[in-house]
$ cat work18.txt   # compact mmCIF, C-alpha atoms (C1' of nucleotides)
# COMPACT_ATOMS: atom_id res chain seq x y z
CA MET A 30 0.36 -23.04 -3.21
CA TYR A 31 1.53 -20.51 -0.71
CA ASP A 32 -0.73 -18.44 1.48
CA ALA A 33 -0.67 -14.89 0.22
CA VAL A 34 -2.19 -11.54 0.89
CA ASP A 35 -4.66 -11.39 -1.96
CA TYR A 36 -3.94 -8.13 -3.62
CA VAL A 37 -2.02 -7.58 -6.80
CA ARG A 38 -2.04 -3.80 -7.12
CA MET A 39 0.72 -1.54 -6.10
CA PRO A 40 0.38 -0.92 -2.42
CA GLU A 41 -1.05 2.21 -0.89
CA LEU A 42 -2.37 2.54 2.64
CA PRO A 43 -5.29 0.08 2.42
CA GLU A 44 -3.10 -2.61 0.88
CA VAL A 45 -0.50 -2.14 3.60
CA GLU A 46 -3.27 -2.36 6.18
CA MET A 47 -4.24 -5.71 4.67
CA ALA A 48 -0.64 -6.82 5.06
CA ARG A 49 -0.63 -5.62 8.68
CA ARG A 50 -3.77 -7.61 9.50
CA PHE A 51 -2.29 -10.61 7.79
CA VAL A 52 0.77 -10.45 10.05
CA GLU A 53 -1.40 -9.80 13.08
CA GLU A 54 -3.68 -12.75 12.42
CA ARG A 55 -1.09 -15.27 11.33
CA LEU A 56 2.22 -14.43 12.94
CA ILE A 57 1.72 -13.09 16.44
CA GLY A 58 3.14 -15.45 19.02
CA ARG A 59 5.43 -17.21 16.60
CA ARG A 60 9.16 -17.41 17.12
CA VAL A 61 11.75 -16.25 14.60
CA ALA A 62 14.11 -19.11 13.83
CA SER A 63 16.10 -17.70 10.92
CA LEU A 64 16.44 -14.66 8.70
CA ASP A 65 17.75 -14.40 5.18
CA VAL A 66 18.34 -11.30 3.10
CA LYS A 67 18.02 -12.37 -0.51
CA ASP A 68 18.60 -8.91 -1.97
CA GLY A 69 21.08 -6.71 -0.14
CA LYS A 70 20.09 -3.66 -2.19
CA MET A 71 16.78 -3.61 -0.40
CA LEU A 72 18.35 -3.32 3.06
CA ALA A 73 17.37 0.14 4.24
CA ASN A 74 19.17 0.93 7.46
CA ALA A 75 20.63 -2.29 8.81
CA SER A 76 22.92 -5.15 7.89
CA GLU A 77 21.81 -8.73 7.58
CA ARG A 78 23.99 -9.55 10.56
CA SER A 79 22.38 -6.91 12.78
CA MET A 80 18.91 -8.04 11.74
CA LYS A 81 19.76 -11.62 12.67
CA ASN A 82 21.15 -10.49 16.02
CA VAL A 83 18.06 -8.46 16.82
CA PHE A 84 15.28 -10.75 15.62
CA ILE A 85 16.33 -14.42 15.76
CA GLY A 86 15.09 -16.15 18.88
CA ASN A 87 12.47 -13.52 19.62
CA THR A 88 8.71 -13.71 19.19
CA VAL A 89 6.42 -11.70 16.94
CA ASP A 90 4.46 -9.51 19.36
CA ASP A 91 2.46 -7.04 17.29
CA ALA A 92 1.99 -5.39 13.91
CA TYR A 93 1.63 -1.66 13.30
CA ARG A 94 1.22 0.56 10.27
CA HIS A 95 1.97 4.22 9.69
CA GLY A 96 1.02 5.44 6.24
CA LYS A 97 2.45 2.88 3.84
CA ASN A 98 4.98 1.58 6.36
CA LEU A 99 4.55 -1.76 8.10
CA LEU A 100 6.24 -2.37 11.44
CA VAL A 101 6.34 -5.84 12.92
CA LYS A 102 7.28 -5.84 16.60
CA ILE A 103 9.67 -8.67 17.36
CA GLY A 104 11.17 -8.57 20.83
CA ASP A 105 12.45 -5.07 21.59
CA HIS A 106 12.65 -3.89 17.99
CA HIS A 107 10.50 -3.48 14.89
CA LEU A 108 11.04 -5.07 11.53
CA HIS A 109 10.26 -2.26 9.10
CA ILE A 110 8.89 -3.16 5.67
CA HIS A 111 7.95 -0.80 2.86
CA LEU A 112 6.33 -2.62 -0.06
CA GLY A 113 7.40 -0.06 -2.67
CA MET A 114 5.64 -0.47 -6.00
CA SER A 115 5.30 -4.23 -6.22
CA GLY A 116 5.99 -5.82 -2.83
CA SER A 117 3.75 -8.41 -1.18
CA LEU A 118 3.96 -10.65 1.88
CA HIS A 119 3.45 -14.38 1.89
CA LEU A 120 3.37 -17.09 4.49
CA VAL A 121 5.02 -20.12 2.92
CA ASN A 122 6.00 -23.64 3.85
CA ASP A 123 9.63 -24.31 4.62
CA ARG A 124 10.39 -25.64 1.17
CA GLU A 125 8.37 -23.12 -0.82
CA ASN A 126 9.73 -20.09 -2.64
CA THR A 127 8.00 -17.23 -4.35
CA SER A 128 9.18 -16.05 -7.74
CA HIS A 129 10.84 -12.82 -6.54
CA GLU A 130 11.84 -13.56 -2.98
CA ARG A 131 13.83 -10.69 -1.40
CA PHE A 132 13.60 -11.34 2.32
CA ARG A 133 12.75 -14.42 4.33
CA LEU A 134 11.90 -14.59 8.00
CA GLY A 135 11.99 -18.23 9.08
CA LEU A 136 9.55 -19.13 11.83
CA ASP A 137 9.22 -22.13 14.11
CA GLU A 138 7.30 -23.56 11.19
CA GLY A 139 7.05 -21.94 7.77
CA ALA A 140 8.35 -18.50 6.83
CA LEU A 141 7.26 -14.97 6.08
CA VAL A 142 8.50 -13.93 2.64
CA LEU A 143 8.68 -10.50 1.05
CA ASP A 144 8.21 -10.95 -2.69
CA ASP A 145 8.99 -7.92 -4.85
CA PRO A 146 9.60 -8.10 -8.62
CA ARG A 147 10.57 -4.46 -9.04
CA ARG A 148 12.75 -4.26 -5.94
CA PHE A 149 11.58 -0.82 -4.89
CA GLY A 150 10.60 -2.20 -1.49
CA ARG A 151 12.80 -1.76 1.59
CA PHE A 152 13.31 -3.45 4.93
CA GLY A 153 15.24 -2.60 8.07
CA ILE A 154 15.13 -2.13 11.82
CA TYR A 155 13.58 0.57 13.99
CA HIS A 156 13.78 0.50 17.74
CA ARG A 157 10.79 2.78 18.12
CA ILE A 158 8.10 3.66 15.58
CA GLU A 159 8.69 7.31 16.42
CA ASP A 160 12.23 6.94 15.08
CA LEU A 161 10.84 6.01 11.65
CA ILE A 162 8.31 8.85 11.67
CA MET A 163 10.99 11.41 12.55
CA GLU A 164 13.61 10.12 10.15
CA LYS A 165 11.22 9.97 7.21
CA GLU A 166 9.43 13.14 8.33
CA LEU A 167 6.07 11.43 8.03
CA GLY A 168 2.86 13.29 8.67
CA PRO A 169 -0.03 11.81 10.66
CA ASP A 170 -1.57 8.62 9.35
CA ALA A 171 -4.20 9.37 6.70
CA LEU A 172 -6.68 6.80 7.98
CA THR A 173 -7.01 8.40 11.41
CA VAL A 174 -5.95 12.04 11.02
CA PRO A 175 -8.56 14.37 12.56
CA GLU A 176 -9.94 16.98 10.17
CA LYS A 177 -8.57 19.85 12.19
CA VAL A 178 -5.08 18.43 12.04
CA PHE A 179 -5.43 17.79 8.31
CA VAL A 180 -6.51 21.39 7.76
CA SER A 181 -3.65 22.76 9.83
CA ARG A 182 -1.12 20.79 7.78
CA LEU A 183 -2.47 22.21 4.51
CA GLU A 184 -2.74 25.79 5.67
CA GLY A 185 -0.14 28.09 4.20
CA ARG A 186 0.56 25.81 1.24
CA ARG A 187 0.10 27.30 -2.21
CA GLY A 188 0.70 24.31 -4.43
CA SER A 189 -1.80 22.16 -6.32
CA ILE A 190 -3.87 20.02 -4.00
CA LYS A 191 -3.12 16.63 -5.48
CA PRO A 192 0.68 16.66 -5.10
CA LEU A 193 0.16 17.87 -1.55
CA LEU A 194 -2.04 14.85 -0.80
CA LEU A 195 0.71 12.60 -2.13
CA ASP A 196 3.34 14.31 0.04
CA GLN A 197 3.94 11.84 2.87
CA SER A 198 5.21 14.61 5.13
CA ILE A 199 1.80 16.28 5.09
CA ILE A 200 -0.24 13.14 5.67
CA ALA A 201 1.08 9.61 5.34
CA GLY A 202 -0.55 6.89 3.30
CA VAL A 203 -2.35 8.51 0.35
CA GLY A 204 -1.15 7.33 -3.05
CA ASN A 205 -2.06 8.19 -6.61
CA LEU A 206 -5.26 6.14 -6.81
CA TYR A 207 -6.86 7.19 -3.57
CA ALA A 208 -5.92 10.82 -4.14
CA ASP A 209 -7.85 10.69 -7.42
CA GLU A 210 -10.83 9.07 -5.70
CA ALA A 211 -11.05 11.58 -2.85
CA LEU A 212 -10.75 14.57 -5.18
CA PHE A 213 -13.36 13.10 -7.51
CA GLN A 214 -15.82 12.55 -4.68
CA GLU A 215 -15.28 16.10 -3.43
CA ARG A 216 -15.62 17.44 -6.99
CA LEU A 217 -12.28 19.16 -6.71
CA HIS A 218 -9.99 19.60 -9.68
CA PRO A 219 -6.59 18.10 -8.78
CA ALA A 220 -4.81 21.31 -9.83
CA THR A 221 -6.83 23.43 -7.42
CA ARG A 222 -4.45 25.53 -5.35
CA ALA A 223 -4.56 24.64 -1.67
CA ASP A 224 -4.84 28.30 -0.70
CA SER A 225 -8.02 28.66 -2.74
CA LEU A 226 -9.81 26.10 -0.56
CA SER A 227 -11.91 27.24 2.35
CA ILE A 228 -11.40 25.73 5.79
CA THR A 229 -14.66 23.86 5.33
CA GLU A 230 -13.58 22.44 1.99
CA MET A 231 -10.28 21.29 3.44
CA ALA A 232 -12.02 19.65 6.38
CA ARG A 233 -14.43 17.87 4.07
CA LEU A 234 -11.55 16.63 1.96
CA GLY A 235 -9.76 15.29 5.03
CA LYS A 236 -12.86 13.42 6.06
CA ARG A 237 -13.36 12.12 2.54
CA ILE A 238 -9.84 10.72 2.40
CA ARG A 239 -10.49 8.72 5.54
CA LYS A 240 -13.80 7.44 4.17
CA VAL A 241 -12.27 6.41 0.86
CA LEU A 242 -9.42 4.53 2.51
CA ASP A 243 -11.84 2.89 4.89
CA ALA A 244 -14.14 1.84 2.05
CA SER A 245 -11.25 0.13 0.31
CA ILE A 246 -10.26 -1.73 3.48
CA THR A 247 -13.88 -2.84 3.90
CA VAL A 248 -13.81 -4.57 0.52
CA ARG A 249 -10.31 -5.96 1.21
CA THR A 250 -8.95 -3.61 -1.47
CA GLU A 251 -10.85 -5.39 -4.24
CA LEU A 252 -11.72 -2.20 -6.05
CA SER A 253 -14.43 -3.78 -8.22
CA ARG A 254 -16.35 -4.40 -5.00
CA LEU A 255 -16.41 -0.74 -4.01
CA PRO A 256 -19.86 0.87 -3.81
CA GLU A 257 -21.41 2.36 -6.92
CA GLY A 258 -20.24 5.85 -7.61
CA PHE A 259 -16.58 5.16 -6.87
CA LEU A 260 -14.14 6.25 -9.56
CA LEU A 261 -11.80 3.37 -8.71
CA ARG A 262 -14.27 0.75 -9.90
CA ASP A 263 -13.27 1.70 -13.44
CA ARG A 264 -10.50 4.27 -13.34
CA ARG A 265 -9.31 4.79 -16.88
CA GLU A 266 -9.32 7.43 -19.56
CA GLY A 267 -12.55 7.35 -21.57
CA ALA A 268 -14.55 5.37 -19.02
CA PRO A 269 -17.90 6.93 -18.11
CA CYS A 270 -18.01 9.15 -15.03
CA PRO A 271 -20.02 7.20 -12.45
CA ARG A 272 -21.91 10.38 -11.60
CA CYS A 273 -22.64 12.05 -14.95
CA ALA A 274 -21.41 9.57 -17.60
CA THR A 275 -19.05 12.11 -19.15
CA ALA A 276 -15.92 10.43 -20.48
CA LEU A 277 -13.15 10.54 -17.88
CA MET A 278 -9.95 12.27 -18.93
CA ALA A 279 -6.29 11.73 -18.10
CA ILE A 280 -3.87 14.55 -17.29
CA ARG A 281 -0.46 14.76 -15.64
CA ILE A 282 -0.01 16.59 -12.38
CA GLY A 283 3.16 16.48 -10.36
CA GLY A 284 4.49 13.92 -12.80
CA ARG A 285 1.70 11.48 -12.04
CA THR A 286 -1.14 10.27 -14.21
CA THR A 287 -4.40 11.70 -12.95
CA ILE A 288 -7.88 10.55 -13.94
CA LEU A 289 -10.75 12.98 -13.46
CA CYS A 290 -14.18 13.93 -14.70
CA PRO A 291 -13.94 17.19 -16.69
CA ALA A 292 -17.61 17.95 -15.97
CA CYS A 293 -17.74 17.22 -12.24
CA GLN A 294 -14.29 18.52 -11.34
CA SER A 295 -14.15 21.90 -13.01
CA GLN A 296 -11.18 24.20 -12.64
CA ARG A 297 -11.50 27.34 -10.61
CA ALA A 298 -10.93 30.75 -12.08
CA LYS A 299 -8.16 31.45 -9.58
CA GLN A 300 -5.49 28.82 -10.06
C1' DG B 18 10.73 -0.87 -29.33
C1' DA B 19 7.81 2.58 -26.99
C1' DG B 20 5.07 3.71 -23.43
C1' DT B 21 3.02 2.83 -19.14
C1' DA B 22 2.98 1.65 -14.03
C1' DT B 23 -0.72 2.85 -7.86
C1' DG B 24 6.44 4.80 -4.50
C1' DT B 25 10.39 7.27 -2.93
C1' DT B 26 14.49 10.01 -3.24
C1' DA B 27 17.84 13.11 -5.19
C1' DT B 28 18.87 16.99 -7.88
C1' DA B 29 18.19 21.20 -10.27
C1' DT B 30 15.78 25.66 -11.18
C1' DG B 31 13.19 29.69 -10.09
C1' DG C 26 11.75 27.37 2.81
C1' DC C 27 8.51 26.54 -1.13
C1' DA C 28 7.02 24.94 -5.71
C1' DT C 29 7.92 22.58 -9.80
C1' DA C 30 10.13 19.49 -12.96
C1' DT C 31 13.02 15.68 -14.04
C1' DA C 32 15.58 11.58 -13.50
C1' DA C 33 16.66 7.52 -11.21
C1' DC C 34 15.72 3.12 -9.17
C1' DA C 35 14.23 -2.28 -11.66
C1' DT C 36 10.86 -4.98 -13.73
C1' DA C 37 6.59 -6.35 -16.05
C1' DC C 38 3.03 -5.65 -19.12
C1' DT C 39 0.43 -3.87 -23.25
$ encode --input "work18.txt" --output "structure tokens"
Amino acid sequence: MYDAVDYVRMPELPEVEMARRFVEERLIGRRVASLDVKDGKMLANASERSMKNVFIGNTVDDAYRHGKNLLVKIGDHHLHIHLGMSGSLHLVNDRENTSHERFRLGLDEGALVLDDPRRFGRFGIYHRIEDLIMEKELGPDALTVPEKVFVSRLEGRRGSIKPLLLDQSIIAGVGNLYADEALFQERLHPATRADSLSITEMARLGKRIRKVLDASITVRTELSRLPEGFLLRDRREGAPCPRCATALMAIRIGGRTTILCPACQSQRAKQ
DNA sequence: GAGTATGTTATATG
DNA sequence: GCATATAACATACT
């Protein structure tokens, strides 16, 4: 059986951080011997030929993450991987394959494989990480953004808070699940307008986002191992609110399913 | 078959 | 520019 990153959920920041640590622990110092693009549709900004030219013969030096983007430094360039909705990384033996193999980086021994059933993932080349951040217009990384910076990026916005948290140009890395968790813990209704929040409330929310992401990383993104009181331990319509036992409800905001506690997260008069 | 899915991007409308 | 809504991408699962 191949050696895999042990998550199965759709990747948000903590899951990508697990993938980054996986690459850091297992691949640094190893030489790239071959490279195969198994699904050309998933090539983001480079050709298979250019990727071979840039990476083969060089050594894996480091692994970085910005939001949900993974960047593996190989020689003078970075292999960029976005896991999309269903991507995962695996270290396999030379003769092993995963069921939905889309990209294979052959090493001196074994290979790094990107497996992705739904094919929403992407891979490509960036010379500098800053190039990716500018091109994709990514905000600061959600795990490390200082509260003051978080507040400044929300100021002046009038939309509902939840879609703003999911907007990668405001802060990078928050997805649908962790947005729900942070808003639940702050007792904020997801439709609360950003301009109805006080500076203090915004700062608290920024801090809460970091704490929630960090808590997930601490339990290796196994959500059932999160501390008591976390919504994500049992996030589904009808489940009891971990704080007041009221049945959780599902609504749609910004086109995304949102789970909240109607008692703890009351709407404000001014919406 | 219908409905759902945790991401991103494009397009349209006001 | 901003906010909102919708579709599209491709596949798996209930």
$ closest_atom_pairs --input "work18.txt" --of "chain C" --to "chain A" --cutoff "7 Å" --atoms "all atoms listed in the file" --output "JSON lines"
{"residue": "C:DA28", "atom": "C1'", "partner": "A:Gly188", "partner_atom": "CA", "distance": 6.5}
{"residue": "C:DA35", "atom": "C1'", "partner": "A:Arg147", "partner_atom": "CA", "distance": 5.0}
{"residue": "C:DT36", "atom": "C1'", "partner": "A:Arg147", "partner_atom": "CA", "distance": 4.7}
$ closest_atom_pairs --input "work18.txt" --of "chain A" --to "chain B" --cutoff "8 Å" --atoms "all atoms listed in the file" --output "Markdown table"
| residue | atom | partner | partner_atom | distance |
| --- | --- | --- | --- | --- |
| A:Arg38 | CA | B:DT23 | C1' | 6.8 |
| A:Met39 | CA | B:DT23 | C1' | 4.9 |
| A:Pro40 | CA | B:DT23 | C1' | 6.7 |
| A:Glu41 | CA | B:DT23 | C1' | 7.0 |
| A:Gly113 | CA | B:DG24 | C1' | 5.3 |
| A:Met114 | CA | B:DG24 | C1' | 5.5 |
| A:Phe149 | CA | B:DG24 | C1' | 7.6 |
| A:Gly204 | CA | B:DT23 | C1' | 6.6 |
| A:Asn205 | CA | B:DT23 | C1' | 5.6 |
| A:Leu206 | CA | B:DT23 | C1' | 5.7 |
$ write_last_selection --input "work18.txt" --atoms "C-alpha atoms" --output "PDB file, keeping the file's coordinate frame"
ATOM      1  CA  ARG A  38      -2.040  -3.800  -7.120  1.00  0.00           C
ATOM      2  CA  MET A  39       0.720  -1.540  -6.100  1.00  0.00           C
ATOM      3  CA  PRO A  40       0.380  -0.920  -2.420  1.00  0.00           C
ATOM      4  CA  GLU A  41      -1.050   2.210  -0.890  1.00  0.00           C
ATOM      5  CA  GLY A 113       7.400  -0.060  -2.670  1.00  0.00           C
ATOM      6  CA  MET A 114       5.640  -0.470  -6.000  1.00  0.00           C
ATOM      7  CA  PHE A 149      11.580  -0.820  -4.890  1.00  0.00           C
ATOM      8  CA  GLY A 204      -1.150   7.330  -3.050  1.00  0.00           C
ATOM      9  CA  ASN A 205      -2.060   8.190  -6.610  1.00  0.00           C
ATOM     10  CA  LEU A 206      -5.260   6.140  -6.810  1.00  0.00           C
TER      11      LEU A 206
END
$ residues_around --input "work18.txt" --residues "range 171-185 of chain A" --least-positions-apart "5" --cutoff "8 Å" --atoms "only C-alpha atoms (C1' of nucleotides)" --output "list in words"
Gly96, Leu193, Ile199, Ile200, Ala201, Gly202, Val203, Ala223, Asp224, Ile228, Met231, Ala232, Arg233, Gly235, Lys236, Ile238, Arg239, Leu242 and Asp243 of chain A
$ write_last_selection --input "work18.txt" --atoms "C-alpha atoms" --output "mmCIF file, in the frame of the given file"
data_model
loop_
_atom_site.group_PDB
_atom_site.id
_atom_site.type_symbol
_atom_site.label_atom_id
_atom_site.label_comp_id
_atom_site.auth_asym_id
_atom_site.auth_seq_id
_atom_site.Cartn_x
_atom_site.Cartn_y
_atom_site.Cartn_z
ATOM 1 C CA GLY A 96 1.020 5.440 6.240
ATOM 2 C CA LEU A 193 0.160 17.870 -1.550
ATOM 3 C CA ILE A 199 1.800 16.280 5.090
ATOM 4 C CA ILE A 200 -0.240 13.140 5.670
ATOM 5 C CA ALA A 201 1.080 9.610 5.340
ATOM 6 C CA GLY A 202 -0.550 6.890 3.300
ATOM 7 C CA VAL A 203 -2.350 8.510 0.350
ATOM 8 C CA ALA A 223 -4.560 24.640 -1.670
ATOM 9 C CA ASP A 224 -4.840 28.300 -0.700
ATOM 10 C CA ILE A 228 -11.400 25.730 5.790
ATOM 11 C CA MET A 231 -10.280 21.290 3.440
ATOM 12 C CA ALA A 232 -12.020 19.650 6.380
ATOM 13 C CA ARG A 233 -14.430 17.870 4.070
ATOM 14 C CA GLY A 235 -9.760 15.290 5.030
ATOM 15 C CA LYS A 236 -12.860 13.420 6.060
ATOM 16 C CA ILE A 238 -9.840 10.720 2.400
ATOM 17 C CA ARG A 239 -10.490 8.720 5.540
ATOM 18 C CA LEU A 242 -9.420 4.530 2.510
ATOM 19 C CA ASP A 243 -11.840 2.890 4.890
#
$ atom_distance --input "work18.txt" --atom1 "CA of Leu226 in chain A" --atom2 "C1' of DT29 in chain C"
20.3 Å
$ atom_distance --input "work18.txt" --atom1 "CA of Ile158 in chain A" --atom2 "CA of Ile190 in chain A"
28.2 Å
$ closest_residue --input "work18.txt" --among "A:Pro219, A:Gly150, A:Gly58, A:Gly258" --to "Lys102 in chain A" --atoms "only C-alpha atoms"
A:Gly58
$ atom_distance --input "work18.txt" --atom1 "C1' of DA37 in chain C" --atom2 "CA of Lys67 in chain A"
20.2 Å
$ closest_residue --input "work18.txt" --among "A:Glu215, A:Asp90, A:Glu138, A:Glu54" --to "Val241 in chain A" --atoms "all atoms listed in the file"
A:Glu215
$ residues_around --input "work18.txt" --residues "Asn122 in chain A" --least-positions-apart "2" --cutoff "7 Å" --atoms "all atoms listed in the file" --output "ChimeraX atom specification"
/A:124-125,139-140
$ decode --input "work18.txt" --residues "chain C" --atoms "N, CA and C atoms (P, O5', C5', C4', C3', O3' and C1' of nucleotides)" --output "CSV table (one decimal), in the first residue's frame"
chain,number,residue,atom,x,y,z
C,26,DG,P,-10.9,47.9,-11.0
C,26,DG,O5',-11.9,48.2,-9.8
C,26,DG,C5',-11.7,49.3,-9.0
C,26,DG,C4',-12.8,49.5,-8.0
C,26,DG,C3',-13.2,48.2,-7.3
C,26,DG,O3',-13.3,48.4,-5.9
C,26,DG,C1',-15.1,49.1,-8.3
C,27,DC,P,-13.3,47.2,-4.9
C,27,DC,O5',-14.9,47.0,-4.7
C,27,DC,C5',-15.7,48.0,-4.0
C,27,DC,C4',-17.1,47.5,-4.0
C,27,DC,C3',-17.3,46.1,-3.5
C,27,DC,O3',-18.1,46.1,-2.4
C,27,DC,C1',-18.5,46.4,-5.5
C,28,DA,P,-18.3,44.9,-1.4
C,28,DA,O5',-19.6,44.3,-2.0
C,28,DA,C5',-20.8,45.0,-1.9
C,28,DA,C4',-21.9,44.2,-2.5
C,28,DA,C3',-22.0,42.7,-2.1
C,28,DA,O3',-23.2,42.4,-1.6
C,28,DA,C1',-22.1,43.0,-4.5
C,29,DT,P,-23.5,41.0,-1.0
C,29,DT,O5',-24.3,40.2,-2.1
C,29,DT,C5',-25.4,40.8,-2.8
C,29,DT,C4',-25.7,40.0,-4.0
C,29,DT,C3',-25.7,38.5,-3.8
C,29,DT,O3',-27.0,38.1,-3.7
C,29,DT,C1',-24.7,39.2,-5.9
C,30,DA,P,-27.4,36.5,-3.6
C,30,DA,O5',-27.4,36.0,-5.1
C,30,DA,C5',-28.2,36.7,-6.0
C,30,DA,C4',-28.1,36.0,-7.4
C,30,DA,C3',-28.1,34.5,-7.3
C,30,DA,O3',-29.0,33.9,-8.2
C,30,DA,C1',-26.2,35.3,-8.5
C,31,DT,P,-29.4,32.4,-8.2
C,31,DT,O5',-28.5,31.9,-9.4
C,31,DT,C5',-28.7,32.5,-10.7
C,31,DT,C4',-27.6,32.0,-11.6
C,31,DT,C3',-27.5,30.5,-11.5
C,31,DT,O3',-28.0,29.9,-12.7
C,31,DT,C1',-25.4,31.6,-11.6
C,32,DA,P,-28.0,28.3,-12.9
C,32,DA,O5',-26.7,28.1,-13.8
C,32,DA,C5',-26.4,28.9,-14.9
C,32,DA,C4',-25.0,28.7,-15.4
C,32,DA,C3',-24.7,27.2,-15.6
C,32,DA,O3',-24.2,27.0,-16.9
C,32,DA,C1',-23.0,28.3,-14.3
C,33,DA,P,-24.1,25.6,-17.5
C,33,DA,O5',-22.5,25.3,-17.4
C,33,DA,C5',-21.6,26.2,-18.0
C,33,DA,C4',-20.2,25.9,-17.4
C,33,DA,C3',-19.9,24.4,-17.3
C,33,DA,O3',-19.0,24.1,-18.4
C,33,DA,C1',-19.2,25.7,-15.4
C,34,DC,P,-18.8,22.6,-18.8
C,34,DC,O5',-17.6,22.2,-17.8
C,34,DC,C5',-16.3,22.8,-18.0
C,34,DC,C4',-15.5,22.5,-16.8
C,34,DC,C3',-15.4,21.0,-16.5
C,34,DC,O3',-14.2,20.5,-17.0
C,34,DC,C1',-15.5,22.5,-14.5
C,35,DA,P,-14.3,19.1,-17.8
C,35,DA,O5',-14.5,18.1,-16.6
C,35,DA,C5',-13.3,17.9,-15.8
C,35,DA,C4',-13.6,16.8,-14.8
C,35,DA,C3',-14.3,15.6,-15.3
C,35,DA,O3',-13.6,14.4,-14.9
C,35,DA,C1',-15.6,16.4,-13.5
C,36,DT,P,-14.0,13.0,-15.3
C,36,DT,O5',-14.6,12.5,-13.9
C,36,DT,C5',-13.8,12.5,-12.8
C,36,DT,C4',-14.6,12.3,-11.6
C,36,DT,C3',-15.4,11.0,-11.5
C,36,DT,O3',-14.6,10.1,-10.7
C,36,DT,C1',-16.5,12.8,-10.5
C,37,DA,P,-15.2,8.7,-10.4
C,37,DA,O5',-15.9,8.9,-9.0
C,37,DA,C5',-15.2,9.6,-7.9
C,37,DA,C4',-16.0,9.7,-6.7
C,37,DA,C3',-16.8,8.4,-6.4
C,37,DA,O3',-16.6,8.2,-5.0
C,37,DA,C1',-18.3,10.3,-6.5
C,38,DC,P,-17.1,6.8,-4.3
C,38,DC,O5',-18.4,7.2,-3.5
C,38,DC,C5',-18.2,8.3,-2.5
C,38,DC,C4',-19.6,8.8,-2.2
C,38,DC,C3',-20.6,7.7,-1.8
C,38,DC,O3',-21.0,7.9,-0.4
C,38,DC,C1',-21.6,9.3,-3.2
C,39,DT,P,-21.8,6.7,0.3
C,39,DT,O5',-23.2,7.4,0.5
C,39,DT,C5',-23.3,8.7,1.0
C,39,DT,C4',-24.7,9.3,0.9
C,39,DT,C3',-25.8,8.2,1.3
C,39,DT,O3',-26.8,8.9,2.1
C,39,DT,C1',-26.2,9.0,-0.9
